[in-house]
Structures are given as structure tokens and as C-alpha cells.
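In what follows, a structure is listed as C-alpha cells, so that the remarks can point back to it.
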Amino acid sequence: MNTYDVVICGGGVIGASVAYFLSRQRDLKIALVDYKYPGNASRASAGGLWSMGESTGLGCGVILFKTLSKQMEESATGKTPEMKPHIMPEPFFDMAMMSNAMYPSLYKELLEKHNVDFKLERTGLKFVMFDQYDRLYAEQIAAAVPNRQEHVRWVTQEELRAEEPQISPEAIGAMEFDCDHQINPYRLNEAYLEAARQNGVELYLNTKVTGVERTGNKVTAVKTEQGQLNCKLMVNAAGAWAETICKLATGYALPVFPVKGQVVITEKLPKMLNGCLTTSDCYIAQKDNGEILIGSTTEECGFDTSNNIQYIKELSMGALKSIPALKEMNIKRCWSGLRPGSPDELPIIGPVPGVKGYLNACGHFRTGMLTSAITGKILDELVRGQPTCVDIKPFSYERFLNDEGKMIGAYHLETAL
Ligand SMILES: Cc1cc2nc3c(=O)[nH]c(=O)nc-3n(C[C@H](O)[C@H](O)[C@H](O)COP(=O)(O)OP(=O)(O)OC[C@H]3O[C@@H](n4cnc5c(N)ncnc54)[C@H](O)[C@@H]3O)c2cc1C
């Protein structure tokens with residue numbers, strides 16, 4: 001029978017990062033189990049390392065912004081609509097910035113030690129403005145991050161044209177976060193997995209976790225389609241499916257749910273964009289292989305992974321508004337993925353009270369690529385009983401419990417709109 005120190009359930013970017021960070025010292029016997037459920041978020045991702053952008057509601061948060069703007073237009077106040085950026089809480093902001101800062105050295109380490117290249121590109125993230133409402137929104141975002149002004153760069157219309165000649169002349173300028181970059185999401189996931197494999201992690205791929213064995217209040221084994229894996233500790237990194245794994249392991253509920261994102265990608269094109277762009281309609285990123293990725297919707301519709309013409313058209317039209325030349329290009333593919341959502345949009349990291357041998361690493365919603373590095377580091381620290389580099393209290397399971405230890409009902413902001 002196979003016996004491990006740690007069994008990781010889920011091999012998306014989070015499970016893979018945890019496997020890599022835990023295996024760096026090569027002193028633990030580790031297994032990673034992954035079954036390819038359709039909708040794996042890591043394969044669907046845009047690969048943005050948008051720590052400032054996503055923490056202030058840009059990037060993927062643009063759909064939220066658009067919905068808010070529409071509501072305001074429709075309100076019959078007759079006043080200038082009050083636009084509120086969707087600023088994430090400070091502990092998340094800090095964590096996102098710390099994780100982002102880890103990528104240059106992680107890139108070097110994975111390339112030099114393991115010969116894997118996740119294509120880190122220094123791009124910046126520009127919020128492209130088309131009217132005074134966009135400008136007002138951008139100004140509110142900039143004002144909401146007074147301590148991080150060194151990363152905010154205002155780009156005039158002329159500068160924008162010089163830096164990104166393909167952007168529509170209708171654009172009036174941009175606000176750039178110069179620290180936000182991009183990677184190739186498949187390659188990042190594969191890089192962590194391959195480096196973990198080289199460090200001795202045993203990979204059970206295309207294998208389902210079917211059960212968890214507990215002795216008293218302690219997890220003792222993970223049951224899989226390839227047999228039972230005895231363990232001292234299991235890590236739940238099952239993405240949008242994390243609730244099932246948590247219930248199997250602890251008997252308790254976990255408020256993680258799928259949030260669908262649809263994406264459109266063009267054929268491979270010569271270099272058209274120098275940086276990543278976000279607008280009030282969509283985000284646009286040219287990837288390392290030349291494809292231009294246009295994303296993405298934010299939909300709560302269970303585990304459905306279909307694409308529909310209405311949303312694909314809206315995203316495409318949004319991209320055309322910014323980059324008119326895309327009119328001549330072919331769409332190569334559309335897809336959708338299931339983000340692991342949590343009620344307050346923050347990841348869920350660490351133990352479940354009263355259960356030994358179990359740790360959560362889930363609920364990373366729209367920033368799992370960005371926060372995978374710090375999550376791997378934190379899990380390594382937790383497994384080794386060391387102080388964590390980030391206070392994990394804001395990301396604890398306990399935040400969902402009331403004084404009686406019962407789960408607090410909570411709502412998800414996008415759903416509430
Ligand atoms: C359209 C879209 C765009 C995005 N863009 C960005 C971006 O630009 N930047 C960013 O930082 N983040 C982005 N994200 C978010 C990011 O992709 C996710 O937060 C991240 O991929 C979550 O990783 P994960 O490992 O938790 O989940 P997943 O990648 O979904 O992996 C979980 C894995 O667990 C497996 N699993 C589940 N149950 C079992 C079981 N019983 N047995 C075995 N295996 C199991 C699943 O099959 C899956 O492979 C985006 C997401 C989407 C959908």
C-alpha cells in the first residue's frame with residue numbers, strides 16, 4: 001500500500017504549486033492526484049499577473065464594472081453616476097502584490113533548475129479609456145490606492161498611440177499599472193508539475209479522488225481510482241470541486257462554487273500588442289505564441305461549461321472597439337472555465353477546525369494564477385509548522401463560521417447584481 005507524508009487532491013495551478021513548493025527540500029514523500037474534469041480553471045485562464053488590476057476590479061472585474069455602470073445609467077437620478085471601483089480588502093491586496101513579486105525569481109529558478117519555461121512577459125496592464133466616465137472610474141481607482149502610486153502611470157492619448165499603435169484613435173488615454181505582467185497559464189501549471197515530478201512527487205494523473213478515510217478526527221488516507229494512498233496530511237486543491245473533497249474529508253461544507261468565464265482566442269498573429277489591456281468591455285492579451293486572448297464573462301450557472309454566441313459576440317465587439325484591426329482576424333477557438341469562487345472572493349487557506357491532517361488551498365476565484373506562488377509558499381510553511389509569510393486569518397475557514405461554529409450565509413457580489 002502506498003504511504004505518503006502529503007497527498008494533494010487537484011493538479012490545477014494551485015495543487016501543482018503546492019506540490020512544487022513542498023518538494024523543493026525533497027524531504028517529504030508526496031503524491032498529487034488529478035482528474036481532468038471539464039472546466040479546470042487553470043487551462044481556461046488568461047494568465048494575467050494583474051495584482052494591482054485584479055485588486056482594484058480591473059481585468060476580470062470589468063464585467064462587474066460594466067454591470068455597475070449599466071445600473072447607474074438606468075438610475076433616474078439625473079446626476080453624474082457614482083462609480084465605485086471594486087477594491088479588494090487590504091490583506092488580499094498585500095498577498096497579491098507579494099505573490100506577483102515572487103515571479104521573476106520563480107521564473108529563473110524553474111528555468112535554470114528544471115528547464116521549464118512559463119513565459120513570463122513584462123507587459124504592464126493598461127486600462128484604456130474612451131470617455132469621461134472611464135476617466136472618472138480610473139481616477140477613483142487611482143485614489144483608492146494612495147500607498148501604491150509608484151505603480152500607477154497615466155498615459156496620454158499620444159503616448160498610448162506611440163506605445164500601442166493598434167489601439168483605436170477613439171481611445172483618449174490609459175491608466176497603467178506598470179507592475180502587472182503576464183505568463184502562459186498552461187505552461188505555469190505544467191512547469192510546477194514537471195518541477196515537482198523532477199523533485200520526486202508522484203503524479204496520479206487522470207485519476208479521481210473517490211473518498212477520504214478518517215480515524216477519529218484525523219485524515220489517514222485518500223481513496224483514488226488507483227487505490228488507497230495513506231497519508232499524514234491531505235491538501236484540498238480541487239478548484240471549483242473543492243466542496244466535494246472537503247465534505248469527504250471533514251464532513252463539513254465549504255463555500256466554494258463554480259463561476260464560469262468564457263474566453264475567445266484569435267488565430268496566431270504577428271506581434272500587435274506590447275502590453276495587456278483592459279477596458280470596460282473586456283480584457284485583451286496577446287500571448288507568447290501570438291494568439292490574442294479576449295476575456296471574460298463572470299457567470300454563476302453551476303458546472304456548465306458551454307459557450308454561447310451572445311457572450312462571445314459581446315467580448316469580440318468589446319475587443320474590436322479597442323483594436324479595430326481584429327476585424328480582419330479569425331477566431332480560432334472559444335472556451336470556458338470554472339473559477340473556484342468564494343463568498344467574499346478571497347481564497348480559503350489552512351485547516352478546518354477540529355479536523356487533523358487536512359488543509360485547504362482553494363477558492364482562488366479569478367486570481368489563482370497570480371496567487372499560486374504565494375499559496376505554494378504558505379502551504380509549505382503550514383505543512384512544516386512554520387510561521388507563515390502572510391497572516392492567513394483573513395483567508396481562514398473560520399471566517400465563514402458564527403460563534404456557534406455554524407456556517408454564516410453569505411452572498412457573492414457578482415450574483416447580487
Ligand atoms: C476565463 C478565466 C480567466 C482567468 N484569468 C485569470 C488571470 O488572468 N489571472 C489569474 O491569476 N487567474 C485567472 N483565472 C483564475 C484562475 O484560473 C483560477 O483561480 C485557478 O486556475 C484556480 O486553480 P485551481 O488549481 O484552484 O483550480 P483548477 O485549475 O480548476 O484545478 C482543480 C483541479 O482539481 C481537479 N479535481 C477536482 N475534483 C477532483 C477529484 N475528485 N479527484 C481528482 N481531481 C479532482 C480538477 O479536475 C482540476 O484539474 C481565470 C479563470 C478563468 C476561468
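Starting from 1 in every chain, residues are counted up; chains themselves are A, B, ... following the order of the C-alpha cells, and ligands are numbered from 1 as listed.
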Practice task
Would you mind listing what lies within 9 Å of Arg135 of chain A as a ChimeraX atom specification, with only C-alpha atoms counted and same-chain residues fewer than 4 positions away left out?
Solution key: /A:129-131,139-140,172-175
Practice task
Pick out each residue of segment 142-389 of chain A that DSSP on the backbone tags as strand (DSSP E or B); I need them as a PyMOL selection string.
Solution key: chain A and resi 152-156+173-177+181-182+202-205+209-215+218-224+227-236+257-268+276-278+283-286+291-295+299+301+303+331-341+348-350+356+358-362
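The nearest approach to ligand 1 among the residues A:Leu22, A:Ala249, A:Ile87, A:Val145, with only C-alpha atoms and all ligand atoms taken into account, belongs to A:Ala249.
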Residues up to 7 Å from ligand 1, counting only C-alpha atoms and all ligand atoms: could you list those as a short mmCIF file (atom, residue, chain, number, x, y, z; two decimals) with N, CA and C atoms, in the first residue's frame?
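That gives us pocket06.cif:
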```cif
data_model
loop_
_atom_site.label_atom_id
_atom_site.label_comp_id
_atom_site.auth_asym_id
_atom_site.auth_seq_id
_atom_site.Cartn_x
_atom_site.Cartn_y
_atom_site.Cartn_z
N CYS A 9 -4.88 16.83 -3.46
CA CYS A 9 -6.03 16.50 -4.31
C CYS A 9 -6.27 17.67 -5.25
N GLY A 10 -6.04 17.47 -6.54
CA GLY A 10 -6.21 18.53 -7.54
C GLY A 10 -4.86 18.95 -8.10
N GLY A 11 -4.78 18.97 -9.43
CA GLY A 11 -3.50 19.29 -10.07
C GLY A 11 -3.61 20.49 -11.00
N GLY A 12 -4.52 21.42 -10.68
CA GLY A 12 -4.52 22.71 -11.36
C GLY A 12 -3.33 23.51 -10.85
N VAL A 13 -3.33 24.79 -11.14
CA VAL A 13 -2.14 25.59 -10.80
C VAL A 13 -1.90 25.65 -9.29
N ILE A 14 -2.96 25.55 -8.51
CA ILE A 14 -2.77 25.63 -7.04
C ILE A 14 -2.17 24.33 -6.51
N GLY A 15 -2.79 23.19 -6.86
CA GLY A 15 -2.24 21.91 -6.40
C GLY A 15 -0.81 21.72 -6.89
N VAL A 33 -2.89 13.97 -6.94
CA VAL A 33 -3.93 13.23 -7.68
C VAL A 33 -4.77 14.24 -8.44
N ASP A 34 -4.90 14.04 -9.76
CA ASP A 34 -5.73 14.98 -10.54
C ASP A 34 -6.56 14.23 -11.57
N TYR A 35 -7.82 14.60 -11.60
CA TYR A 35 -8.72 14.07 -12.62
C TYR A 35 -9.14 15.24 -13.50
N LYS A 36 -9.14 15.04 -14.81
CA LYS A 36 -9.41 16.18 -15.69
C LYS A 36 -10.91 16.43 -15.84
N TYR A 37 -11.50 17.07 -14.84
CA TYR A 37 -12.90 17.47 -15.02
C TYR A 37 -12.97 18.58 -16.07
N PRO A 38 -13.97 18.56 -16.95
CA PRO A 38 -14.11 19.68 -17.89
C PRO A 38 -14.32 20.97 -17.08
N GLY A 39 -13.62 22.02 -17.48
CA GLY A 39 -13.81 23.29 -16.78
C GLY A 39 -12.67 23.64 -15.85
N ASN A 40 -11.64 22.79 -15.75
CA ASN A 40 -10.44 23.12 -14.97
C ASN A 40 -10.06 24.58 -15.26
N ALA A 41 -9.99 25.37 -14.20
CA ALA A 41 -9.82 26.82 -14.39
C ALA A 41 -8.43 27.17 -14.92
N SER A 42 -7.43 26.38 -14.53
CA SER A 42 -6.07 26.75 -14.90
C SER A 42 -5.85 26.67 -16.41
N ARG A 43 -6.50 25.67 -17.04
CA ARG A 43 -6.36 25.58 -18.50
C ARG A 43 -7.17 26.67 -19.20
N ALA A 44 -8.15 27.25 -18.51
CA ALA A 44 -9.02 28.26 -19.13
C ALA A 44 -8.52 29.68 -18.93
N SER A 45 -7.53 29.82 -18.08
CA SER A 45 -7.14 31.15 -17.60
C SER A 45 -6.52 32.05 -18.68
N ALA A 46 -6.52 33.34 -18.39
CA ALA A 46 -5.85 34.30 -19.28
C ALA A 46 -4.37 34.40 -18.95
N GLY A 47 -4.00 34.05 -17.74
CA GLY A 47 -2.58 34.11 -17.39
C GLY A 47 -2.10 35.50 -17.01
N GLY A 48 -3.01 36.34 -16.56
CA GLY A 48 -2.60 37.68 -16.13
C GLY A 48 -2.05 37.65 -14.71
N LEU A 49 -0.91 38.32 -14.50
CA LEU A 49 -0.41 38.51 -13.13
C LEU A 49 -0.80 39.94 -12.74
N TRP A 50 -2.09 40.17 -12.65
CA TRP A 50 -2.60 41.53 -12.52
C TRP A 50 -2.90 41.84 -11.06
N CYS A 60 -10.48 40.90 -14.92
CA CYS A 60 -11.72 40.14 -14.94
C CYS A 60 -12.88 40.89 -14.29
N THR A 207 -6.80 10.59 -12.64
CA THR A 207 -7.22 9.73 -11.53
C THR A 207 -8.13 10.51 -10.59
N LYS A 208 -9.28 9.91 -10.29
CA LYS A 208 -10.25 10.61 -9.45
C LYS A 208 -10.02 10.29 -7.97
N VAL A 209 -10.16 11.30 -7.12
CA VAL A 209 -10.25 11.06 -5.67
C VAL A 209 -11.69 10.64 -5.42
N THR A 210 -11.86 9.46 -4.83
CA THR A 210 -13.23 8.94 -4.66
C THR A 210 -13.68 8.93 -3.20
N ALA A 237 -6.95 20.93 -3.06
CA ALA A 237 -6.70 21.94 -4.09
C ALA A 237 -7.56 21.59 -5.31
N ALA A 238 -8.81 21.27 -5.04
CA ALA A 238 -9.68 20.74 -6.10
C ALA A 238 -10.46 21.82 -6.83
N GLY A 239 -10.03 23.07 -6.76
CA GLY A 239 -10.65 24.14 -7.54
C GLY A 239 -12.14 24.24 -7.26
N ALA A 240 -12.92 24.37 -8.33
CA ALA A 240 -14.37 24.54 -8.19
C ALA A 240 -15.04 23.32 -7.57
N TRP A 241 -14.32 22.20 -7.50
CA TRP A 241 -14.87 20.95 -6.95
C TRP A 241 -14.44 20.75 -5.49
N ALA A 242 -13.87 21.77 -4.89
CA ALA A 242 -13.27 21.63 -3.54
C ALA A 242 -14.31 21.29 -2.48
N ILE A 245 -14.63 17.51 -2.04
CA ILE A 245 -13.46 16.93 -1.36
C ILE A 245 -13.49 17.27 0.13
N LYS A 260 -18.34 30.64 -13.92
CA LYS A 260 -17.90 30.40 -15.30
C LYS A 260 -17.30 31.66 -15.96
N GLY A 261 -16.25 31.46 -16.72
CA GLY A 261 -15.68 32.54 -17.52
C GLY A 261 -15.52 32.06 -18.95
N GLN A 262 -16.13 32.77 -19.88
CA GLN A 262 -15.97 32.42 -21.31
C GLN A 262 -14.86 33.27 -21.91
N VAL A 263 -14.13 32.67 -22.84
CA VAL A 263 -12.95 33.31 -23.43
C VAL A 263 -12.97 33.08 -24.94
N GLY A 295 -11.10 38.13 -22.95
CA GLY A 295 -11.90 37.55 -21.87
C GLY A 295 -12.64 38.63 -21.12
N SER A 296 -13.39 38.28 -20.18
CA SER A 296 -14.04 37.01 -20.00
C SER A 296 -15.31 37.27 -19.22
N SER A 336 -14.59 27.87 -22.05
CA SER A 336 -14.95 28.43 -20.75
C SER A 336 -14.33 27.59 -19.65
N GLY A 337 -14.12 28.23 -18.53
CA GLY A 337 -13.55 27.53 -17.38
C GLY A 337 -14.31 27.92 -16.13
N LEU A 338 -14.13 27.13 -15.08
CA LEU A 338 -14.87 27.34 -13.83
C LEU A 338 -13.94 27.84 -12.74
N ARG A 339 -14.07 29.12 -12.46
CA ARG A 339 -13.25 29.68 -11.37
C ARG A 339 -13.77 29.13 -10.04
N PRO A 340 -12.86 28.85 -9.11
CA PRO A 340 -13.33 28.43 -7.78
C PRO A 340 -13.71 29.66 -6.96
N CYS A 362 -7.82 26.47 -1.62
CA CYS A 362 -8.87 26.56 -2.66
C CYS A 362 -9.56 27.94 -2.62
N GLY A 363 -10.53 28.11 -3.52
CA GLY A 363 -11.32 29.35 -3.54
C GLY A 363 -10.57 30.54 -4.12
N HIS A 364 -9.64 30.30 -5.02
CA HIS A 364 -8.80 31.40 -5.54
C HIS A 364 -9.49 32.25 -6.60
N PHE A 365 -10.72 31.94 -6.90
CA PHE A 365 -11.59 32.73 -7.79
C PHE A 365 -10.85 33.21 -9.04
N ARG A 366 -10.74 34.52 -9.26
CA ARG A 366 -10.21 34.98 -10.54
C ARG A 366 -8.72 35.29 -10.50
N THR A 367 -8.03 34.90 -9.42
CA THR A 367 -6.61 35.26 -9.33
C THR A 367 -5.70 34.08 -8.95
N GLY A 368 -6.12 32.88 -9.29
CA GLY A 368 -5.32 31.72 -8.90
C GLY A 368 -3.97 31.63 -9.58
N MET A 369 -3.86 32.14 -10.80
CA MET A 369 -2.55 32.16 -11.47
C MET A 369 -1.62 33.08 -10.68
N LEU A 370 -2.13 34.29 -10.45
CA LEU A 370 -1.36 35.30 -9.73
C LEU A 370 -0.96 34.81 -8.33
N THR A 371 -1.90 34.22 -7.61
CA THR A 371 -1.63 33.90 -6.20
C THR A 371 -1.13 32.46 -6.00
#
```
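Atom CA of Val235 of chain A lies 16.4 Å from atom CA of Pro255 of chain A.
Atom CA of Ile374 of chain A to atom CA of Phe21 of chain A spans 9.6 Å [interatomic distance, one decimal].
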Problem - Residue contacts of Ala285 of chain A (7 Å, only C-alpha atoms) excluding same-chain residues fewer than 3 positions away, as a PyMOL selection string - result: chain A and resi 276-277+292-294
Practice task
Can you pull out every residue within 12 Å of Asp117 of chain A, counting only C-alpha atoms, but drop anything in the same chain fewer than 2 positions away, and send it as a ChimeraX atom specification?
Solution key: /A:103-104,106-115,119-121,183-192,194-195,288
Please report as JSON lines every residue of segment 347-401 of chain A lying within 12 Å of segment 220-231 of chain A, along with the nearest atom pair and their distance in Å (one decimal), using only C-alpha atoms.
```
{"residue": "A:Val355", "atom": "CA", "partner": "A:Thr220", "partner_atom": "CA", "distance": 11.2}
{"residue": "A:Lys356", "atom": "CA", "partner": "A:Thr220", "partner_atom": "CA", "distance": 9.2}
{"residue": "A:Gly357", "atom": "CA", "partner": "A:Thr220", "partner_atom": "CA", "distance": 7.4}
{"residue": "A:Tyr358", "atom": "CA", "partner": "A:Thr220", "partner_atom": "CA", "distance": 9.5}
```
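If only C-alpha atoms are the atoms counted, then among A:Asn274, A:Thr279, A:Ser306, A:Thr250 the closest residue to Tyr133 of chain A is A:Thr279.
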Completion exercise
Min atom-atom distance to Ala196 of chain A from the set A:Arg153, A:Asp178, A:Tyr137, A:Ile8, counting only C-alpha atoms, belongs to A:Ile8
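Every residue of segment 286-355 of chain A found in alpha helix (DSSP H) when DSSP is run on the backbone appears here: Ile309, Gln310, Tyr311, Ile312, Lys313, Glu314, Leu315, Ser316, Met317, Gly318, Ala319, Leu320, Lys321 and Ser322 of chain A.
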Take the residues that were just selected and, keeping all heavy atoms, output them as a short mmCIF file (atom, residue, chain, number, x, y, z; two decimals), in the first residue's frame.
```cif
data_model
loop_
_atom_site.label_atom_id
_atom_site.label_comp_id
_atom_site.auth_asym_id
_atom_site.auth_seq_id
_atom_site.Cartn_x
_atom_site.Cartn_y
_atom_site.Cartn_z
N ILE A 309 -23.25 32.30 -28.11
CA ILE A 309 -22.91 33.31 -29.12
C ILE A 309 -23.05 34.72 -28.56
O ILE A 309 -22.23 35.59 -28.83
CB ILE A 309 -23.80 33.10 -30.37
CG1 ILE A 309 -23.32 31.84 -31.08
CG2 ILE A 309 -23.74 34.30 -31.31
CD1 ILE A 309 -24.19 31.39 -32.21
N GLN A 310 -24.07 34.92 -27.72
CA GLN A 310 -24.29 36.28 -27.22
C GLN A 310 -23.06 36.82 -26.48
O GLN A 310 -22.57 37.92 -26.75
CB GLN A 310 -25.51 36.26 -26.28
CG GLN A 310 -25.86 37.64 -25.73
CD GLN A 310 -26.52 37.54 -24.36
OE1 GLN A 310 -27.16 36.53 -24.05
NE2 GLN A 310 -26.36 38.56 -23.57
N TYR A 311 -22.52 36.02 -25.56
CA TYR A 311 -21.37 36.49 -24.79
C TYR A 311 -20.10 36.56 -25.65
O TYR A 311 -19.29 37.47 -25.49
CB TYR A 311 -21.13 35.58 -23.58
CG TYR A 311 -22.08 35.86 -22.44
CD1 TYR A 311 -22.90 34.87 -21.92
CD2 TYR A 311 -22.16 37.12 -21.88
CE1 TYR A 311 -23.77 35.12 -20.86
CE2 TYR A 311 -23.02 37.39 -20.84
CZ TYR A 311 -23.82 36.38 -20.34
OH TYR A 311 -24.68 36.65 -19.30
N ILE A 312 -19.96 35.57 -26.53
CA ILE A 312 -18.78 35.58 -27.40
C ILE A 312 -18.80 36.83 -28.28
O ILE A 312 -17.78 37.49 -28.50
CB ILE A 312 -18.74 34.29 -28.25
CG1 ILE A 312 -18.59 33.06 -27.35
CG2 ILE A 312 -17.63 34.33 -29.30
CD1 ILE A 312 -17.45 33.10 -26.37
N LYS A 313 -20.00 37.19 -28.74
CA LYS A 313 -20.14 38.39 -29.58
C LYS A 313 -19.81 39.64 -28.75
O LYS A 313 -19.08 40.52 -29.21
CB LYS A 313 -21.57 38.46 -30.13
CG LYS A 313 -21.74 39.52 -31.16
CD LYS A 313 -23.11 39.48 -31.78
CE LYS A 313 -23.35 40.77 -32.54
NZ LYS A 313 -24.74 40.98 -32.87
N GLU A 314 -20.34 39.70 -27.53
CA GLU A 314 -20.08 40.89 -26.70
C GLU A 314 -18.58 41.08 -26.43
O GLU A 314 -18.06 42.18 -26.53
CB GLU A 314 -20.82 40.76 -25.35
CG GLU A 314 -22.26 41.19 -25.43
CD GLU A 314 -23.00 41.02 -24.11
OE1 GLU A 314 -22.37 41.02 -23.04
OE2 GLU A 314 -24.24 40.87 -24.18
N LEU A 315 -17.91 39.97 -26.10
CA LEU A 315 -16.47 40.06 -25.85
C LEU A 315 -15.75 40.49 -27.12
O LEU A 315 -14.87 41.37 -27.10
CB LEU A 315 -15.93 38.71 -25.36
CG LEU A 315 -16.36 38.25 -23.96
CD1 LEU A 315 -15.92 36.81 -23.71
CD2 LEU A 315 -15.78 39.17 -22.88
N SER A 316 -16.13 39.89 -28.25
CA SER A 316 -15.45 40.20 -29.53
C SER A 316 -15.68 41.65 -29.92
O SER A 316 -14.74 42.34 -30.36
CB SER A 316 -15.96 39.28 -30.65
OG SER A 316 -15.86 37.94 -30.26
N MET A 317 -16.91 42.13 -29.76
CA MET A 317 -17.20 43.53 -30.12
C MET A 317 -16.42 44.49 -29.21
O MET A 317 -15.94 45.53 -29.65
CB MET A 317 -18.71 43.82 -30.00
CG MET A 317 -19.58 43.04 -30.98
SD MET A 317 -19.04 43.10 -32.68
CE MET A 317 -19.58 44.73 -33.14
N GLY A 318 -16.31 44.10 -27.94
CA GLY A 318 -15.52 44.92 -27.00
C GLY A 318 -14.08 45.01 -27.46
O GLY A 318 -13.47 46.09 -27.42
N ALA A 319 -13.54 43.89 -27.92
CA ALA A 319 -12.14 43.88 -28.37
C ALA A 319 -11.99 44.71 -29.64
O ALA A 319 -11.00 45.45 -29.80
CB ALA A 319 -11.68 42.45 -28.59
N LEU A 320 -12.97 44.60 -30.54
CA LEU A 320 -12.92 45.38 -31.81
C LEU A 320 -12.92 46.87 -31.54
O LEU A 320 -12.26 47.63 -32.25
CB LEU A 320 -14.13 45.05 -32.67
CG LEU A 320 -14.08 43.80 -33.52
CD1 LEU A 320 -15.31 43.73 -34.42
CD2 LEU A 320 -12.83 43.84 -34.39
N LYS A 321 -13.68 47.27 -30.51
CA LYS A 321 -13.73 48.71 -30.18
C LYS A 321 -12.32 49.21 -29.84
O LYS A 321 -11.93 50.32 -30.23
CB LYS A 321 -14.68 48.92 -29.00
CG LYS A 321 -14.86 50.36 -28.59
CD LYS A 321 -15.89 50.47 -27.47
CE LYS A 321 -15.74 51.79 -26.74
NZ LYS A 321 -16.55 51.87 -25.53
N SER A 322 -11.55 48.39 -29.14
CA SER A 322 -10.19 48.82 -28.75
C SER A 322 -9.18 48.61 -29.87
O SER A 322 -8.30 49.43 -30.07
CB SER A 322 -9.71 48.02 -27.54
OG SER A 322 -10.43 48.39 -26.42
#
```
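The smallest atom-to-atom distance between Arg384 of chain A and any of A:Met88, A:Leu233, A:Asn199, A:Glu213, using only C-alpha atoms, is found for A:Leu233.
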